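Step one of this worksheet: look at the structure below.
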Amino acid sequence: MFKHVLNTTLIYCDNKRGIQLAKNLVFHDKSKHIEIKYHYILDMVHRGAVRLHHIVTNDQIVHILTKHLSKGKFLVFREQLGLTDVTLPRGSSHG
Amino acid sequence: MEMNFKKLCGDAARLVLANPFEYRQLIGALMFLANTRPDIYFEVNTLSQYMIKPSHAQWIAAKHVLRYLHGTINLRLRDIVGDVRLHGKSELDWVGKSSDRKSTYGCCFSLGSAMVSWMSRKQKFAALSMAEVEYVATSMASC
């Protein structure tokens, strides 16, 4: 595993405006109120360490870490997080 | 697991726990567990915001988490298989709690098929726009 060199990290987020802000070198008036330390992502994107991608909100599994979800969505996201029942055969989920 | 505080915020929310020490102990233990169970991370995060003066509603919710864990005791995180590429995801909850107008942001990183790192935190400032929160969330994710 340690032989691998990590390439550019892809970060998915579901807000297009946020992505645009991070890609644009010019600090326009609309982002003046954001503190300088949070412009770190801009550096990272321009250095090529991070690439931002858009993702549809419904596919965004991090919802499980930020808000209360309905049972159906919770189970789907939990499965996608990689939490699986070790006692069940592969592919089947446990509710 | 739907842990709806609003439903519980009737009489139970006004009843302050006589022994908050027990509650704090329980949340401490759950925090330790959340290192290997990202599915309870958010609930533990929310419950830990009531450490000073927990009410009966939080106690019920904490017991709910325990019951959930009892029912899903066999869940394990997947191992790293195949392609090792680092992928991140960042996300926010715009003004999750109306009491302090602060948003919650979270991110998780996966190496191939396995989840390796995750976090979720309440932002320290009241943000003015959705884009600002998302921007800050991606920034914190990349640090």
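We name chains A, B, ... following the order of the structure tokens; residues begin at 1 in each chain, and ligands are numbered from 1 as shown.
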Can you check which parts of chain A lie within 8 Å of chain B? Per residue, the shortest pair of atoms and distance in Å to one decimal, counting only C-alpha atoms, sorted by chain and number, as a Markdown table.
```
| residue | atom | partner | partner_atom | distance |
| --- | --- | --- | --- | --- |
| A:Met1 | CA | B:Val84 | CA | 7.6 |
| A:His4 | CA | B:Val84 | CA | 7.5 |
| A:Leu6 | CA | B:Arg85 | CA | 6.8 |
| A:Asn7 | CA | B:Arg85 | CA | 7.6 |
| A:Thr9 | CA | B:Leu86 | CA | 5.6 |
| A:Leu10 | CA | B:His87 | CA | 5.1 |
| A:Ile11 | CA | B:Gly88 | CA | 4.3 |
| A:Tyr12 | CA | B:Lys89 | CA | 4.6 |
| A:Cys13 | CA | B:Ser90 | CA | 5.3 |
| A:Asp14 | CA | B:Glu91 | CA | 7.1 |
| A:Asn15 | CA | B:Glu134 | CA | 6.6 |
| A:Arg17 | CA | B:Ala131 | CA | 5.6 |
| A:Gly18 | CA | B:Ala131 | CA | 4.7 |
| A:Ile19 | CA | B:Tyr135 | CA | 7.3 |
| A:Leu21 | CA | B:Tyr135 | CA | 7.3 |
| A:Ala22 | CA | B:Tyr135 | CA | 7.0 |
| A:Ser31 | CA | B:Glu132 | CA | 7.8 |
| A:Ile34 | CA | B:Glu132 | CA | 7.0 |
| A:Tyr38 | CA | B:Val136 | CA | 5.6 |
| A:His39 | CA | B:Ser139 | CA | 6.9 |
| A:Tyr40 | CA | B:Ser139 | CA | 5.9 |
| A:Ile41 | CA | B:Ser139 | CA | 4.5 |
| A:Met44 | CA | B:Ser142 | CA | 7.6 |
| A:Val50 | CA | B:Ser142 | CA | 7.4 |
| A:Gln60 | CA | B:Lys89 | CA | 7.5 |
| A:Ile61 | CA | B:Lys89 | CA | 7.8 |
| A:Val62 | CA | B:Glu91 | CA | 5.8 |
| A:His63 | CA | B:Glu91 | CA | 6.7 |
| A:Ile64 | CA | B:Asp39 | CA | 6.7 |
| A:Leu65 | CA | B:Phe42 | CA | 4.9 |
| A:Thr66 | CA | B:Asp93 | CA | 5.8 |
| A:Lys67 | CA | B:Asp93 | CA | 6.4 |
| A:His68 | CA | B:Glu2 | CA | 6.5 |
| A:Leu69 | CA | B:Glu2 | CA | 6.6 |
| A:Ser70 | CA | B:Glu2 | CA | 6.3 |
| A:Lys71 | CA | B:Met1 | CA | 6.0 |
| A:Phe74 | CA | B:Met1 | CA | 7.3 |
| A:Arg78 | CA | B:Asp39 | CA | 6.3 |
| A:Leu81 | CA | B:Met115 | CA | 6.4 |
| A:Gly82 | CA | B:Arg78 | CA | 5.1 |
| A:Leu83 | CA | B:Leu77 | CA | 4.5 |
| A:Thr84 | CA | B:Leu75 | CA | 5.1 |
| A:Asp85 | CA | B:Leu75 | CA | 4.3 |
| A:Val86 | CA | B:Asn74 | CA | 5.9 |
| A:Thr87 | CA | B:Asn74 | CA | 6.6 |
| A:His94 | CA | B:Thr72 | CA | 8.0 |
| A:Gly95 | CA | B:Thr72 | CA | 7.9 |
```
Based on the selection just made, write C-alpha atoms of those residues as a short mmCIF file (atom, residue, chain, number, x, y, z; two decimals), in the first residue's frame.
```cif
data_model
loop_
_atom_site.label_atom_id
_atom_site.label_comp_id
_atom_site.auth_asym_id
_atom_site.auth_seq_id
_atom_site.Cartn_x
_atom_site.Cartn_y
_atom_site.Cartn_z
CA MET A 1 0.00 0.00 0.00
CA HIS A 4 1.54 4.03 -4.10
CA LEU A 6 -1.10 9.69 -3.98
CA ASN A 7 -2.16 11.85 -6.87
CA THR A 9 -7.21 14.34 -4.25
CA LEU A 10 -10.71 14.71 -5.55
CA ILE A 11 -13.10 16.46 -3.21
CA TYR A 12 -16.77 16.28 -4.08
CA CYS A 13 -19.11 19.01 -2.95
CA ASP A 14 -22.64 19.82 -3.98
CA ASN A 15 -22.50 23.59 -4.15
CA ARG A 17 -20.95 28.47 -6.22
CA GLY A 18 -18.50 27.18 -3.61
CA ILE A 19 -16.53 25.39 -6.32
CA LEU A 21 -15.11 30.54 -5.56
CA ALA A 22 -12.31 28.06 -5.01
CA SER A 31 -16.07 36.84 -1.09
CA ILE A 34 -14.79 35.32 4.17
CA TYR A 38 -10.46 29.91 4.75
CA HIS A 39 -8.98 30.80 1.36
CA TYR A 40 -6.53 27.96 1.97
CA ILE A 41 -8.56 25.81 -0.43
CA MET A 44 -4.57 23.94 -2.68
CA VAL A 50 -6.91 19.16 -4.58
CA GLN A 60 -23.62 13.03 -1.21
CA ILE A 61 -22.97 10.46 1.52
CA VAL A 62 -21.58 13.04 3.98
CA HIS A 63 -25.20 13.94 4.73
CA ILE A 64 -24.96 11.13 7.26
CA LEU A 65 -22.42 13.20 9.22
CA THR A 66 -24.22 16.54 9.10
CA LYS A 67 -27.96 16.09 9.43
CA HIS A 68 -30.78 13.88 10.63
CA LEU A 69 -32.00 11.64 7.82
CA SER A 70 -35.00 9.49 7.12
CA LYS A 71 -34.50 5.79 7.71
CA PHE A 74 -29.72 6.61 6.35
CA ARG A 78 -24.52 3.80 5.70
CA LEU A 81 -19.89 4.51 3.82
CA GLY A 82 -18.69 0.93 3.86
CA LEU A 83 -20.39 -0.28 7.01
CA THR A 84 -21.52 -3.81 6.30
CA ASP A 85 -22.79 -6.62 8.44
CA VAL A 86 -20.05 -9.21 8.76
CA THR A 87 -22.46 -12.01 9.61
CA HIS A 94 -29.21 -5.30 7.38
CA GLY A 95 -31.71 -2.74 8.70
#
```
(request) From a DSSP calculation on the backbone, collect every residue of chain A in strand (DSSP E or B) and output the set as a list in words. (result)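 So the strand (DSSP E or B) residues in chain A would be Thr9, Leu10, Ile11, Tyr12, Cys13, Val50, Arg51, Leu52, His53, His54, Leu83, Thr84 and Asp85 of chain A.
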Would you write out those residues with C-alpha atoms, as a short mmCIF file (atom, residue, chain, number, x, y, z; two decimals), in the first residue's frame?
```cif
data_model
loop_
_atom_site.label_atom_id
_atom_site.label_comp_id
_atom_site.auth_asym_id
_atom_site.auth_seq_id
_atom_site.Cartn_x
_atom_site.Cartn_y
_atom_site.Cartn_z
CA THR A 9 -7.21 14.34 -4.25
CA LEU A 10 -10.71 14.71 -5.55
CA ILE A 11 -13.10 16.46 -3.21
CA TYR A 12 -16.77 16.28 -4.08
CA CYS A 13 -19.11 19.01 -2.95
CA VAL A 50 -6.91 19.16 -4.58
CA ARG A 51 -9.48 19.08 -7.34
CA LEU A 52 -13.07 20.01 -6.69
CA HIS A 53 -15.91 18.19 -8.36
CA HIS A 54 -19.60 18.72 -8.32
CA LEU A 83 -20.39 -0.28 7.01
CA THR A 84 -21.52 -3.81 6.30
CA ASP A 85 -22.79 -6.62 8.44
#
```
(request) Check the DSSP output for the backbone and give back, as number ranges by chain, the residues of chain B in alpha helix (DSSP H). (result) B: 5-8, 11-14, 20-33, 41-47, 56-71, 130-142
(message) Between atom CA of B:Arg24 and atom CA of B:Leu69, what distance in Å does the model show, to one decimal?
(response)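 These atoms are spaced 18.0 Å apart.
Atom CA of A:Glu35 is found 18.9 Å from atom CA of B:Val95.
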(request) Would you mind telling me which residue in B:Gln25, B:Ser55, B:Gln123, B:Asn35 lies nearest to B:Arg101 when using only C-alpha atoms? (result)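 When distances to B:Arg101 are compared using only C-alpha atoms, the smallest one comes from B:Gln123.
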